[in-house]
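Notes follow once the structure below has been shown.
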Amino acid sequence: MNLTQDELWETIHTLGWDVRYDNIVIEIGGTVVSGIHQGEEFNKKWATPYGVRKYNKDAFIVLKNLSRNDDTKSQPMDREHKPYHLREPAEPQDIIVNMDGGVGGSWEVKEENAKPKPTV
């Protein structure tokens, strides 16, 4: 399918965008920018100089209507940010694992202070 200008205008109309008043921008996706500083004698066949943008074969165009972007939900938190993974680790619990039984064995996890279960 070849994109025509009429199809583009029809799509914009379907979305309810107003090209006269909305802030519509065009961006390109599927790109990469080199973030590695290369030495003076780098292999130009494989390495890309720092800051050079490359476009993937499957790069794509994105039309964004910034006027319709609802960023009101992105507000600062009303509390101090304390991520769970930065908290002090909990004290480890001692767990004893016993293996007894016949072929293949059986596993039973017993906590140190736990009362043994009666056997029938």
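Please note that chains go A, B, ... in the order of the structure tokens, that every chain numbers its residues from 1, and that ligands are numbered from 1 in the order shown.
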Quick one: residues within 7 Å of range 62-78 of chain A, only C-alpha atoms counted, chain neighbours fewer than 5 positions away excluded, as number ranges by chain?
A: 22-29
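CA of Lys54 in chain A sits 13.7 Å away from CA of Ile36 in chain A.
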Can you work out the spacing between CA of Thr14 in chain A and CA of Asp58 in chain A in Å, to one decimal?
26.0 Å
Residues near Thr31 in chain A, anyone? I mean within 9 Å using only C-alpha atoms, not counting same-chain ones fewer than 3 positions away, as an NGL selection string.
:A and (28 or 53-56 or 59-60)
Keeping only N, CA and C atoms, write the selected residues to a file as a compact mmCIF listing (two decimals), in the first residue's frame.
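Result went into result-v7.txt, see below:
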# COMPACT_ATOMS: atom_id res chain seq x y z
N ILE A 28 11.10 10.41 14.32
CA ILE A 28 11.54 9.17 13.68
C ILE A 28 11.89 8.17 14.76
N ARG A 53 24.17 9.37 14.48
CA ARG A 53 22.87 8.70 14.46
C ARG A 53 22.79 7.77 13.26
N LYS A 54 22.32 6.53 13.51
CA LYS A 54 22.07 5.57 12.45
C LYS A 54 20.58 5.26 12.43
N TYR A 55 20.05 5.05 11.23
CA TYR A 55 18.64 4.70 11.07
C TYR A 55 18.54 3.22 10.72
N ASN A 56 17.75 2.47 11.48
CA ASN A 56 17.55 1.06 11.20
C ASN A 56 16.81 0.89 9.88
N ALA A 59 13.15 1.60 10.32
CA ALA A 59 12.81 2.86 11.00
C ALA A 59 11.39 3.28 10.61
N PHE A 60 10.77 4.08 11.46
CA PHE A 60 9.39 4.47 11.20
C PHE A 60 9.16 5.92 11.59
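Taking CA of Glu10 in chain A as the reference point, CA of Gly30 in chain A is found at 25.4 Å.
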